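Asker: Mind having a look at this structure? Questions to follow.
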Amino acid sequence: MKVTRREVLKTAAAASAMAAIGTPLAQMAHAADNEPEKWVKSVCRFCGTGCGVMVGIKGGKVVTVKGDPNNHNAGFLCLKGALMPPIVYSKDRVTKPYIRKNGKLEPATWDEAMSLVTRKFKKSLKEHGPTSIAYYGSGQALTEETYLASKIWKAGFGSNNVEGNPRLCMASAVGGYVTTFGKDEPCGSYDDIDAATCFFIIGSNMSECHPILFKRVAARKQADPNVKVIVVDPRKTNTARIADEHVSFKPGTDLAILNSMAYVMIQEELDNQRFHNKYVTFMTNEKKKVDFEAYMEFLEDYTPEKVEVLSGVSADQIRRIALMFAEASATTSFWCMGLNQRIRGVWANNLVSNLHLLTGHIGKTGATPFSLTGQPNACGGVRDTGGLCHLLPAGRLIKKPEHRAKLEEQWGLKPGTIAPKPGLHTIALWNAFSEGKVKAMFVLCTNPAHSLPNVNIYEEGMKRKDNFMVLSEPFMDAETVKYCDVLLPSAFWCEKRGTYGCSERRYSLLMQSVEPMGECRPDLDILLDFAKRMDVDPKVIPFNTVDDVWNEWREVSSVTPYNFMGITRARMEKASGILWPCPTEDHPGTKIRYVRGQDPNIPKDYKNKYHFYGKKDGRAVIWFRPYKGAAEEPDAEYPMVLTTGRVIDHWHTGTMTMKVPELRRSFPKAYVEVNVEDAKAKGIRNGDDVVLETRRDTMTFQARVSDVCRPGLVFVPWYDANLMINKLTLNAFDKGSKQPEYKICAVRIKKA
Ligand SMILES: Nc1nc2c(c(=O)[nH]1)N[C@H]1C(S)=C(S)[C@@H](COP(=O)(O)OP(=O)(O)OC[C@H]3O[C@@H](n4cnc5c(=O)[nH]c(N)nc54)[C@H](O)[C@@H]3O)O[C@H]1N2
Ligand SMILES: Nc1nc2c(c(=O)[nH]1)N[C@H]1C(S)=C(S)[C@@H](COP(=O)(O)OP(=O)(O)OC[C@H]3O[C@@H](n4cnc5c(=O)[nH]c(N)nc54)[C@H](O)[C@@H]3O)O[C@H]1N2
Ligand code: SF4
Ligand SMILES: [Mo]
């Protein structure tokens, strides 16, 4: 089939739009005027859906991409995924190292740059010890990169200051899964979508943030009109437009709504007694084991009538959605940042899982509590291989002596090498950098000067003269470049090899398609060079290639329920992704966890069908999590709520998607979404400038007046580097997960 670039873009644009309204779309084609010489198997650079792509190469350059028909996305891509090639060849690529001199970044050689980095880190280590240095990484780095960085720090330097943007993203999901099931990560797979008869989507705008998954949900609903969709979101998002029930509520009160649903389910005898008698522990917030009657008592505070007053959702609607969820033959829940980015993020995660455990909607195809991952490798690289300050690879914890000891044995380290105290979590880390307690920071594959909440205060730290920050970054116009002392040119996406693990525990290999530009190097090579220059024992870092790192990770995981042993490189080169656990080379991968016959961690002759082996007694937990409000509730001074989030065509801080003309044109500039009623009351018309003021800062945005936000709520997308809403957001965080509450703060607005 011959198609022009314009036609491709037309298909892609239609695809993007249709994904949002749920019409089946045609498979992406590639442009015939750039007919590739070969196709290389890879994964999309963007969201946690993790679509497989085929990269089209001609004359050593990437000319196009198309969806991988053999991966879960069955050949489909959204617009962002389809338009990646121009990003690779952007004029803003950093192609050589730079050192800041007299406030200006000056070109340098690799040796000069790396020598300076090494000197600074060695000095800090020597004078202030291992807690004075830190690695700040990313759920967009390759698995091997994160595993390596974490090992360099934890095993090589005795420093647990290993953090990254997943703290801003998935930490509450980790906390939720671990407290409920004893192990992190979803128990189902994307196949559940094709069998579910009810979708409970809460705090997720799937149609814009996981478009190809949403397309699958919409296709399911279209194929069977009996399939129900419930969307719980204070905004009437694109996702909500296919909902049978859109539940709009006062932001933050969804904890009460979830408890109220449980109340109704029990009242209506829709709980699955056989299941929860055998497989569930009821546990109070104070970690006391109690019985089902105590749970019923706890729920008395959440009758639909009481929750109606609190949340603004009618008691009738709460009853309707509780019945819809419980009575369906198979309910799948999806959630994302609307729940995670909250000071009660872990609790909110627990409360969704509660509903599944109460009704037994779990461990059957189509029935599962499924947390959507944001970044392409937040599950894979960071959660699985332990790239956070409290984690070790394969779900082990730093605070547990037996976990450290086992890993030290596997890594061949002297006992006691891994420091027993967790490092600083993201907000604490950047505060410590601002206070001069952390002296040297290695930032890789993330743009904290734009993405941290209440960012003004961290900027101060980044500017400190006695601090040192090295940044590995492919694009000159990323905000953090303004502050780094050394800038390293990193190879980008298709210029390197390694793995991404997406939302459904599927690991896919990104094969290198082209040579890195200019002097760019893959982050893995940069980290290996750094370890060597820092004199880390070569027995600790015995790697030459990215595949060496992968093979060590397989070994390390193999004695744990994560088990990647069967996911060999040879296999990955052929397959389009494999779901862990996968203990042997002939194991097909695991679609359903915690079920005998499905999950290889459960012996075939195990007495019961389910086994939540993450918990000592094999039972998952229904937690009593009370409703608690947001960190900063609206008041007389700041009477409205500000929430922030995403749009379909941009990725985060815009360093990549702003380089694609088609994407930039669709969303050139941040704006504020205002409800029609609020606009009327304040004399604001569509397109007017509106001043937003919080206790942190003040900024002006153009108004988009619509019915998307509920009255009293405004929304600003955070992609625009020229209008950084994070100057206004709040850095309060969840006590358990340490994830910040980007989704709620108090604001006042007026017409400019
Ligand atoms: N196009 C695009 N896709 C992306 C990304 C991107 O930058 N662009 N980023 C990826 C990443 S890293 C992530 S983490 C995901 C994020 O994916 P999502 O979480 O789906 O996206 P957000 O827009 O951050 O927030 C989702 C919704 O939370 C709602 N919300 C606000 N307050 C509350 C509340 O109190 N309760 C509930 N229930 N909901 C609330 C908002 O109205 C919003 O619609 O997207 C991934 N996919
Ligand atoms: N207001 C508000 N703020 C938020 C959120 C929100 O909902 N609201 N969401 C939070 C969430 S969920 C997340 S995940 C974070 C994300 O925040 P960030 O990670 O800071 O945002 P990105 O734009 O994804 O930054 C990735 C950076 O890595 C660069 N890069 C791309 N490829 C490579 C590579 O191969 N190597 C290297 N070294 N660099 C590369 C990109 O150019 C970019 O500068 O933001 C958080 N911030
Ligand atoms: S849905 Fe996500 S992974 Fe798939 S093409 Fe779009 S951005 Fe890429
Ligand atoms: Mo994220």
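Within each chain, counting starts at residue 1; across the structure tokens, chains are named A, B, ... in the order shown, with ligands numbered 1 upward in that order.
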For Lys609 of chain A, list every protein, DNA or RNA residue within 10 Å, evaluated using only C-alpha atoms, and leave out those in the same chain fewer than 2 positions away; present the list as a list in words.
Answerer: Tyr279, Gly363, Tyr594, Val595, Arg596, Gly597, Gln598, Ile602, Lys604, Asp605, Tyr606, Lys607 and His611 of chain A
Asker: Please find the residues contacting ligand 3 at a distance of at most 10 Å between atoms, with only C-alpha atoms and all ligand atoms counted, and report them as a ChimeraX atom specification.
Answerer: /A:16,19,43-53,66-67,72-73,75-84,206-215,374-376,502,648-651
Asker: Residues within 6 Å of segment 613-621 of chain A, please, as an MDAnalysis selection string. Count only C-alpha atoms; anything in the same chain fewer than 3 positions from it doesn't count.
Answerer: chainID A and resid 180:183 279:282
Asker: Within 10 Å of ligand 4 (counting only C-alpha atoms and all ligand atoms), which residues show up? I'd like them as a PyMOL selection string.
Answerer: chain A and resi 47-48+138-140+165-171+209+336-337+340-341+372-376+378+451+645+651-652
Asker: Give me a file of those residues, with N, CA, C and O atoms, as an mmCIF file, in the first residue's frame.
Answerer:
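So again-v5.cif came out as:
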data_model
loop_
_atom_site.group_PDB
_atom_site.id
_atom_site.type_symbol
_atom_site.label_atom_id
_atom_site.label_comp_id
_atom_site.auth_asym_id
_atom_site.auth_seq_id
_atom_site.Cartn_x
_atom_site.Cartn_y
_atom_site.Cartn_z
ATOM 1 N N CYS A 47 3.889 6.031 26.891
ATOM 2 C CA CYS A 47 3.186 5.664 28.129
ATOM 3 C C CYS A 47 3.306 4.207 28.549
ATOM 4 O O CYS A 47 3.770 3.349 27.800
ATOM 5 N N GLY A 48 2.833 3.943 29.751
ATOM 6 C CA GLY A 48 2.902 2.623 30.372
ATOM 7 C C GLY A 48 2.040 1.568 29.705
ATOM 8 O O GLY A 48 2.052 0.408 30.112
ATOM 9 N N SER A 138 14.568 7.457 36.681
ATOM 10 C CA SER A 138 13.351 7.615 35.903
ATOM 11 C C SER A 138 12.682 6.297 35.532
ATOM 12 O O SER A 138 13.349 5.296 35.257
ATOM 13 N N GLY A 139 11.394 6.348 35.480
ATOM 14 C CA GLY A 139 10.595 5.248 34.947
ATOM 15 C C GLY A 139 10.610 5.216 33.430
ATOM 16 O O GLY A 139 9.843 4.482 32.815
ATOM 17 N N GLN A 140 11.472 6.038 32.830
ATOM 18 C CA GLN A 140 11.650 6.003 31.379
ATOM 19 C C GLN A 140 13.038 5.495 31.018
ATOM 20 O O GLN A 140 13.367 5.320 29.840
ATOM 21 N N ASN A 165 11.619 9.781 39.406
ATOM 22 C CA ASN A 165 10.240 10.214 39.188
ATOM 23 C C ASN A 165 9.164 9.174 39.506
ATOM 24 O O ASN A 165 8.015 9.555 39.729
ATOM 25 N N PRO A 166 9.459 7.865 39.551
ATOM 26 C CA PRO A 166 8.383 6.931 39.952
ATOM 27 C C PRO A 166 7.824 7.248 41.339
ATOM 28 O O PRO A 166 6.698 6.871 41.658
ATOM 29 N N ARG A 167 8.588 7.928 42.155
ATOM 30 C CA ARG A 167 8.076 8.360 43.453
ATOM 31 C C ARG A 167 6.909 9.331 43.266
ATOM 32 O O ARG A 167 6.009 9.415 44.092
ATOM 33 N N LEU A 168 6.961 10.091 42.165
ATOM 34 C CA LEU A 168 5.911 11.076 41.884
ATOM 35 C C LEU A 168 4.721 10.409 41.204
ATOM 36 O O LEU A 168 3.715 11.052 40.936
ATOM 37 N N CYS A 169 4.854 9.144 40.898
ATOM 38 C CA CYS A 169 3.992 8.489 39.913
ATOM 39 C C CYS A 169 3.364 7.207 40.444
ATOM 40 O O CYS A 169 2.148 7.095 40.564
ATOM 41 N N MET A 170 4.186 6.230 40.795
ATOM 42 C CA MET A 170 3.666 4.906 41.120
ATOM 43 C C MET A 170 3.835 4.499 42.587
ATOM 44 O O MET A 170 3.437 3.401 42.972
ATOM 45 N N ALA A 171 4.436 5.367 43.410
ATOM 46 C CA ALA A 171 4.762 4.956 44.785
ATOM 47 C C ALA A 171 3.521 4.519 45.563
ATOM 48 O O ALA A 171 3.560 3.538 46.311
ATOM 49 N N CYS A 209 -4.432 9.162 28.318
ATOM 50 C CA CYS A 209 -3.149 8.761 28.911
ATOM 51 C C CYS A 209 -2.748 7.323 28.611
ATOM 52 O O CYS A 209 -1.577 6.973 28.726
ATOM 53 N N CYS A 336 -5.245 5.415 38.172
ATOM 54 C CA CYS A 336 -3.927 5.982 37.886
ATOM 55 C C CYS A 336 -3.701 7.170 38.829
ATOM 56 O O CYS A 336 -3.964 7.073 40.018
ATOM 57 N N MET A 337 -3.275 8.330 38.316
ATOM 58 C CA MET A 337 -2.809 9.398 39.195
ATOM 59 C C MET A 337 -3.902 10.070 40.026
ATOM 60 O O MET A 337 -3.623 10.668 41.053
ATOM 61 N N ASN A 340 -3.295 7.934 42.937
ATOM 62 C CA ASN A 340 -1.920 7.843 43.470
ATOM 63 C C ASN A 340 -1.380 9.176 43.976
ATOM 64 O O ASN A 340 -0.664 9.214 44.974
ATOM 65 N N GLN A 341 -1.671 10.257 43.252
ATOM 66 C CA GLN A 341 -1.080 11.557 43.622
ATOM 67 C C GLN A 341 -1.920 12.257 44.668
ATOM 68 O O GLN A 341 -2.486 13.331 44.452
ATOM 69 N N LEU A 372 -2.933 1.225 36.551
ATOM 70 C CA LEU A 372 -2.240 1.560 35.293
ATOM 71 C C LEU A 372 -0.924 2.260 35.607
ATOM 72 O O LEU A 372 -0.884 3.196 36.409
ATOM 73 N N THR A 373 0.130 1.817 34.952
ATOM 74 C CA THR A 373 1.429 2.467 35.147
ATOM 75 C C THR A 373 1.540 3.646 34.218
ATOM 76 O O THR A 373 1.089 3.596 33.076
ATOM 77 N N GLY A 374 2.181 4.712 34.681
ATOM 78 C CA GLY A 374 2.298 5.907 33.866
ATOM 79 C C GLY A 374 3.374 5.788 32.808
ATOM 80 O O GLY A 374 3.112 5.840 31.600
ATOM 81 N N GLN A 375 4.598 5.612 33.266
ATOM 82 C CA GLN A 375 5.731 5.666 32.347
ATOM 83 C C GLN A 375 5.983 4.301 31.703
ATOM 84 O O GLN A 375 5.556 3.274 32.218
ATOM 85 N N PRO A 376 6.757 4.318 30.603
ATOM 86 C CA PRO A 376 6.954 3.064 29.868
ATOM 87 C C PRO A 376 7.688 2.007 30.677
ATOM 88 O O PRO A 376 7.577 0.825 30.396
ATOM 89 N N ALA A 378 8.144 2.292 34.437
ATOM 90 C CA ALA A 378 8.083 2.528 35.891
ATOM 91 C C ALA A 378 7.881 1.211 36.611
ATOM 92 O O ALA A 378 8.454 0.958 37.664
ATOM 93 N N SER A 451 9.146 19.103 36.788
ATOM 94 C CA SER A 451 8.138 18.125 37.221
ATOM 95 C C SER A 451 7.931 18.044 38.723
ATOM 96 O O SER A 451 6.926 17.498 39.170
ATOM 97 N N GLY A 645 -2.823 17.771 35.313
ATOM 98 C CA GLY A 645 -2.745 16.469 34.652
ATOM 99 C C GLY A 645 -2.325 16.600 33.210
ATOM 100 O O GLY A 645 -1.605 17.534 32.842
ATOM 101 N N TRP A 651 3.654 14.687 26.140
ATOM 102 C CA TRP A 651 4.291 13.863 27.152
ATOM 103 C C TRP A 651 4.928 14.795 28.191
ATOM 104 O O TRP A 651 5.834 15.556 27.872
ATOM 105 N N HIS A 652 4.435 14.720 29.410
ATOM 106 C CA HIS A 652 5.044 15.402 30.557
ATOM 107 C C HIS A 652 5.552 16.804 30.273
ATOM 108 O O HIS A 652 4.780 17.691 29.966
#
Asker: Kindly give the distance, in Å, that separates atom CA of Phe715 of chain A and atom 31 (C, counted along the ligand's line) of ligand 1, rounded to a single decimal.
Answerer: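 Taking atom CA of Phe715 of chain A and atom 31 (C, counted along the ligand's line) of ligand 1, their separation equals 8.5 Å.
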Asker: Need to verify the contact set: Ser329 of chain A, 9 Å, only C-alpha atoms, exclusion of same-chain residues closer than 6 positions in sequence. Can you return it as an NGL selection string?
Answerer: :A and (196-198 or 361 or 366-367)
Asker: Just the residues within 9 Å of segment 562-574 of chain A, please, counting only C-alpha atoms, with nothing from its chain fewer than 2 positions along; format it as a PyMOL selection string.
Answerer: chain A and resi 41+384+394-395+507-511+547+550-551+553-560+576-589+601
Asker: Okay, now the selection with C-alpha atoms, as a JSON list (two decimals), in the first residue's frame?
Answerer:
[["chain", "number", "residue", "atom", "x", "y", "z"],
["A", 41, "LYS", "CA", 11.52, -4.39, 16.85],
["A", 384, "ASP", "CA", 10.87, -4.60, 39.85],
["A", 394, "ALA", "CA", 12.72, -8.15, 43.26],
["A", 395, "GLY", "CA", 10.57, -6.59, 45.95],
["A", 507, "TYR", "CA", 8.81, -7.03, 29.32],
["A", 508, "SER", "CA", 9.66, -6.20, 25.74],
["A", 509, "LEU", "CA", 13.08, -5.66, 24.20],
["A", 510, "LEU", "CA", 13.95, -2.41, 22.46],
["A", 511, "MET", "CA", 16.56, -3.33, 19.90],
["A", 547, "ASP", "CA", 22.84, -7.91, 28.04],
["A", 550, "TRP", "CA", 19.99, -8.24, 32.07],
["A", 551, "ASN", "CA", 21.41, -11.70, 32.71],
["A", 553, "TRP", "CA", 18.98, -9.42, 36.91],
["A", 554, "ARG", "CA", 17.46, -12.72, 35.70],
["A", 555, "GLU", "CA", 19.68, -14.63, 38.13],
["A", 556, "VAL", "CA", 18.96, -12.28, 41.03],
["A", 557, "SER", "CA", 15.21, -12.51, 40.45],
["A", 558, "SER", "CA", 15.20, -16.29, 40.00],
["A", 559, "VAL", "CA", 15.11, -17.11, 43.72],
["A", 560, "THR", "CA", 12.13, -14.79, 44.27],
["A", 576, "SER", "CA", 7.04, -9.32, 21.40],
["A", 577, "GLY", "CA", 7.10, -9.22, 25.16],
["A", 578, "ILE", "CA", 6.74, -11.82, 27.93],
["A", 579, "LEU", "CA", 4.90, -11.44, 31.25],
["A", 580, "TRP", "CA", 6.75, -12.34, 34.46],
["A", 581, "PRO", "CA", 6.91, -14.53, 36.52],
["A", 582, "CYS", "CA", 8.48, -16.77, 33.92],
["A", 583, "PRO", "CA", 10.75, -19.32, 35.58],
["A", 584, "THR", "CA", 11.93, -21.37, 32.60],
["A", 585, "GLU", "CA", 12.59, -20.90, 28.91],
["A", 586, "ASP", "CA", 9.58, -23.01, 27.99],
["A", 587, "HIS", "CA", 7.25, -21.16, 30.37],
["A", 588, "PRO", "CA", 4.74, -19.01, 28.44],
["A", 589, "GLY", "CA", 4.64, -16.17, 31.02],
["A", 601, "ASN", "CA", 4.91, -19.61, 42.29]]
Asker: Point out the residue among A:Ala630, A:Leu723, A:Leu429, A:Met265 with the least atom-to-atom distance to Arg344 of chain A, counting only C-alpha atoms.
Answerer: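 The closest residue to Arg344 of chain A is A:Ala630.
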Asker: Between A:Val540, A:Met114, A:Ile622, A:Ile230, which has the minimum distance to ligand 1 (counting only C-alpha atoms and all ligand atoms)?
Answerer: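 Checking each candidate against ligand 1, we get A:Ile230 as the closest.
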Asker: For Val714 of chain A, list every protein, DNA or RNA residue within 10 Å, evaluated using only C-alpha atoms, and leave out those in the same chain fewer than 3 positions away; present the list as a PDB file with C-alpha atoms, in the first residue's frame.
Answerer:
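Output file part_17.pdb follows:
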ATOM      1  CA  ARG A 235     -13.786  16.042  35.536  1.00  0.00           C
ATOM      2  CA  MET A 640     -11.459  26.590  44.699  1.00  0.00           C
ATOM      3  CA  VAL A 641      -9.538  23.397  43.933  1.00  0.00           C
ATOM      4  CA  LEU A 642      -6.690  23.262  41.429  1.00  0.00           C
ATOM      5  CA  THR A 643      -5.900  19.940  39.810  1.00  0.00           C
ATOM      6  CA  THR A 644      -3.210  19.191  37.225  1.00  0.00           C
ATOM      7  CA  VAL A 672      -6.965  26.642  32.550  1.00  0.00           C
ATOM      8  CA  GLU A 673     -10.167  24.636  32.304  1.00  0.00           C
ATOM      9  CA  VAL A 674     -12.998  26.473  34.080  1.00  0.00           C
ATOM     10  CA  ASN A 675     -16.567  25.300  34.574  1.00  0.00           C
ATOM     11  CA  ASP A 678     -17.756  29.511  37.723  1.00  0.00           C
ATOM     12  CA  LEU A 692      -4.499  31.663  39.317  1.00  0.00           C
ATOM     13  CA  ALA A 703      -9.433  30.139  30.034  1.00  0.00           C
ATOM     14  CA  ARG A 704     -11.146  27.210  28.372  1.00  0.00           C
ATOM     15  CA  VAL A 705     -14.695  27.366  29.578  1.00  0.00           C
ATOM     16  CA  VAL A 708     -15.228  19.245  31.893  1.00  0.00           C
ATOM     17  CA  CYS A 709     -14.389  20.455  35.388  1.00  0.00           C
ATOM     18  CA  ARG A 710     -17.138  20.381  37.987  1.00  0.00           C
ATOM     19  CA  PRO A 711     -17.967  23.757  39.536  1.00  0.00           C
ATOM     20  CA  VAL A 747      -6.567  28.179  44.572  1.00  0.00           C
ATOM     21  CA  ARG A 748      -8.341  31.447  43.873  1.00  0.00           C
ATOM     22  CA  ILE A 749      -8.986  32.663  40.375  1.00  0.00           C
TER      23      ILE A 749
END
Asker: Of the residues A:Asp477, A:Glu504, A:Glu163, A:Glu300, which is the one nearest to Pro422 of chain A, using only C-alpha atoms?
Answerer: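 When distances to Pro422 of chain A are compared using only C-alpha atoms, the smallest one comes from A:Glu163.
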Asker: Could you check how far atom CA of Arg646 of chain A sits from atom CA of Trp430 of chain A, in Å to one decimal?
Answerer: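 A separation of 23.9 Å between them.
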Asker: Can you list every residue in segment 528-736 of chain A that DSSP puts in alpha helix (DSSP H), as an NGL selection string?
Answerer: :A and (528-533 or 546-557 or 569-574 or 661-666 or 676-682)
Asker: Can those selected residues be exported to a file as a tab-separated table (two decimals), in the first residue's frame so that it contains N, CA and C atoms?
Answerer:
chain	number	residue	atom	x	y	z
A	528	LEU	N	28.40	2.94	33.44
A	528	LEU	CA	29.54	2.01	33.56
A	528	LEU	C	30.85	2.79	33.65
A	529	ASP	N	30.96	3.81	32.82
A	529	ASP	CA	32.16	4.66	32.83
A	529	ASP	C	32.31	5.35	34.19
A	530	PHE	N	31.19	5.83	34.70
A	530	PHE	CA	31.18	6.52	35.99
A	530	PHE	C	31.65	5.57	37.11
A	531	ALA	N	31.11	4.34	37.11
A	531	ALA	CA	31.47	3.37	38.16
A	531	ALA	C	32.97	3.08	38.13
A	532	LYS	N	33.49	2.94	36.92
A	532	LYS	CA	34.91	2.63	36.77
A	532	LYS	C	35.77	3.78	37.28
A	533	ARG	N	35.40	4.99	36.87
A	533	ARG	CA	36.17	6.17	37.32
A	533	ARG	C	36.05	6.37	38.82
A	546	VAL	N	24.83	-4.25	27.95
A	546	VAL	CA	23.49	-4.17	28.52
A	546	VAL	C	22.94	-5.59	28.75
A	547	ASP	N	23.32	-6.53	27.89
A	547	ASP	CA	22.84	-7.91	28.04
A	547	ASP	C	23.45	-8.57	29.28
A	548	ASP	N	24.68	-8.19	29.62
A	548	ASP	CA	25.29	-8.73	30.87
A	548	ASP	C	24.44	-8.32	32.07
A	549	VAL	N	24.00	-7.07	32.07
A	549	VAL	CA	23.21	-6.58	33.20
A	549	VAL	C	21.89	-7.35	33.27
A	550	TRP	N	21.25	-7.52	32.13
A	550	TRP	CA	19.99	-8.24	32.07
A	550	TRP	C	20.16	-9.66	32.65
A	551	ASN	N	21.23	-10.33	32.26
A	551	ASN	CA	21.41	-11.70	32.71
A	551	ASN	C	21.64	-11.78	34.22
A	552	GLU	N	22.32	-10.78	34.76
A	552	GLU	CA	22.47	-10.79	36.22
A	552	GLU	C	21.11	-10.58	36.90
A	553	TRP	N	20.32	-9.67	36.35
A	553	TRP	CA	18.98	-9.42	36.91
A	553	TRP	C	18.13	-10.70	36.88
A	554	ARG	N	18.20	-11.45	35.79
A	554	ARG	CA	17.46	-12.72	35.70
A	554	ARG	C	17.85	-13.64	36.85
A	555	GLU	N	19.16	-13.75	37.06
A	555	GLU	CA	19.68	-14.63	38.13
A	555	GLU	C	19.19	-14.15	39.50
A	556	VAL	N	19.34	-12.84	39.73
A	556	VAL	CA	18.96	-12.28	41.03
A	556	VAL	C	17.47	-12.52	41.31
A	557	SER	N	16.66	-12.37	40.27
A	557	SER	CA	15.21	-12.51	40.45
A	557	SER	C	14.80	-13.97	40.63
A	569	ARG	N	17.48	-13.28	26.54
A	569	ARG	CA	17.60	-12.32	25.44
A	569	ARG	C	17.21	-12.95	24.11
A	570	ALA	N	17.64	-14.20	23.91
A	570	ALA	CA	17.34	-14.86	22.63
A	570	ALA	C	15.82	-14.94	22.45
A	571	ARG	N	15.12	-15.24	23.53
A	571	ARG	CA	13.67	-15.35	23.47
A	571	ARG	C	13.03	-13.99	23.22
A	572	MET	N	13.56	-12.98	23.89
A	572	MET	CA	12.98	-11.64	23.75
A	572	MET	C	13.15	-11.08	22.35
A	573	GLU	N	14.24	-11.47	21.72
A	573	GLU	CA	14.46	-10.96	20.35
A	573	GLU	C	13.38	-11.45	19.41
A	574	LYS	N	12.87	-12.64	19.69
A	574	LYS	CA	11.82	-13.19	18.83
A	574	LYS	C	10.43	-12.78	19.30
A	661	PRO	N	5.62	18.93	15.11
A	661	PRO	CA	4.74	20.05	14.76
A	661	PRO	C	3.26	19.72	14.93
A	662	GLU	N	2.87	18.52	14.52
A	662	GLU	CA	1.44	18.16	14.60
A	662	GLU	C	0.95	18.15	16.05
A	663	LEU	N	1.80	17.71	16.96
A	663	LEU	CA	1.41	17.64	18.37
A	663	LEU	C	1.44	19.02	19.01
A	664	ARG	N	2.49	19.78	18.67
A	664	ARG	CA	2.62	21.11	19.25
A	664	ARG	C	1.43	21.98	18.84
A	665	ARG	N	1.04	21.84	17.57
A	665	ARG	CA	-0.06	22.66	17.08
A	665	ARG	C	-1.38	22.33	17.79
A	666	SER	N	-1.56	21.08	18.14
A	666	SER	CA	-2.85	20.74	18.77
A	666	SER	C	-2.93	21.27	20.20
A	676	VAL	N	-18.41	26.26	33.35
A	676	VAL	CA	-19.29	27.32	32.82
A	676	VAL	C	-19.87	28.18	33.95
A	677	GLU	N	-20.34	27.52	35.00
A	677	GLU	CA	-20.98	28.28	36.10
A	677	GLU	C	-19.98	29.21	36.79
A	678	ASP	N	-18.78	28.69	37.08
A	678	ASP	CA	-17.76	29.51	37.72
A	678	ASP	C	-17.38	30.68	36.82
A	679	ALA	N	-17.27	30.38	35.53
A	679	ALA	CA	-16.89	31.42	34.57
A	679	ALA	C	-17.94	32.54	34.57
A	680	LYS	N	-19.19	32.13	34.56
A	680	LYS	CA	-20.27	33.10	34.55
A	680	LYS	C	-20.22	33.98	35.81
A	681	ALA	N	-20.04	33.32	36.94
A	681	ALA	CA	-20.01	34.05	38.21
A	681	ALA	C	-18.87	35.05	38.27
A	682	LYS	N	-17.77	34.74	37.59
A	682	LYS	CA	-16.60	35.62	37.66
A	682	LYS	C	-16.42	36.46	36.40
Asker: Counting only C-alpha atoms and all ligand atoms, which of A:Thr694, A:Ser42, A:Asn238, A:Asn71 gets nearest to ligand 1?
Answerer: A:Asn238
Asker: Find the distance between atom CA of Ile202 of chain A and atom CA of Asn454 of chain A and write it in Å to one decimal.
Answerer: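 Distance between the two atoms: 25.4 Å.
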Asker: Which residue is closest to Ser333 of chain A? Choose from A:Pro415, A:Pro474, A:Pro393, A:Pro186 and count only C-alpha atoms.
Answerer: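 Under the stated criterion, the closest residue is A:Pro186.
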Asker: For His390 of chain A, find every residue with an atom within 7 Å (counting only C-alpha atoms), except residues of its own chain fewer than 3 positions away, and show them as a list in words.
Answerer: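 Contacts, with the query itself left out: Leu397, Ile398, Pro422 and Gly423 of chain A.
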Asker: Please, could you write that set of residues out with N, CA and C atoms as an mmCIF file, in the first residue's frame?
Answerer:
data_model
loop_
_atom_site.group_PDB
_atom_site.id
_atom_site.type_symbol
_atom_site.label_atom_id
_atom_site.label_comp_id
_atom_site.auth_asym_id
_atom_site.auth_seq_id
_atom_site.Cartn_x
_atom_site.Cartn_y
_atom_site.Cartn_z
ATOM 1 N N LEU A 397 13.299 -5.402 50.659
ATOM 2 C CA LEU A 397 13.310 -4.102 51.330
ATOM 3 C C LEU A 397 14.633 -3.863 52.034
ATOM 4 N N ILE A 398 15.123 -2.648 51.961
ATOM 5 C CA ILE A 398 16.378 -2.305 52.616
ATOM 6 C C ILE A 398 16.297 -2.503 54.122
ATOM 7 N N PRO A 422 17.148 3.129 54.880
ATOM 8 C CA PRO A 422 16.715 3.624 53.570
ATOM 9 C C PRO A 422 17.268 5.023 53.301
ATOM 10 N N GLY A 423 17.394 5.362 52.045
ATOM 11 C CA GLY A 423 17.870 6.696 51.680
ATOM 12 C C GLY A 423 16.751 7.722 51.792
#
Asker: Would you mind telling me which residue in A:Asn456, A:Ser248, A:Ser260, A:Thr109 lies nearest to ligand 1 when using only C-alpha atoms and all ligand atoms?
Answerer: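 Checking each of A:Asn456, A:Ser248, A:Ser260, A:Thr109 against ligand 1, counting only C-alpha atoms and all ligand atoms, the winner is A:Ser248.
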Asker: Report as a ChimeraX atom specification: the residues of segment 440-666 of chain A with a DSSP assignment of strand (DSSP E or B), based on the backbone of this structure.
Answerer: /A:440-444,468-472,475,486-488,490,498-501,506-510,521,578-579,595,610,620-623,640-645
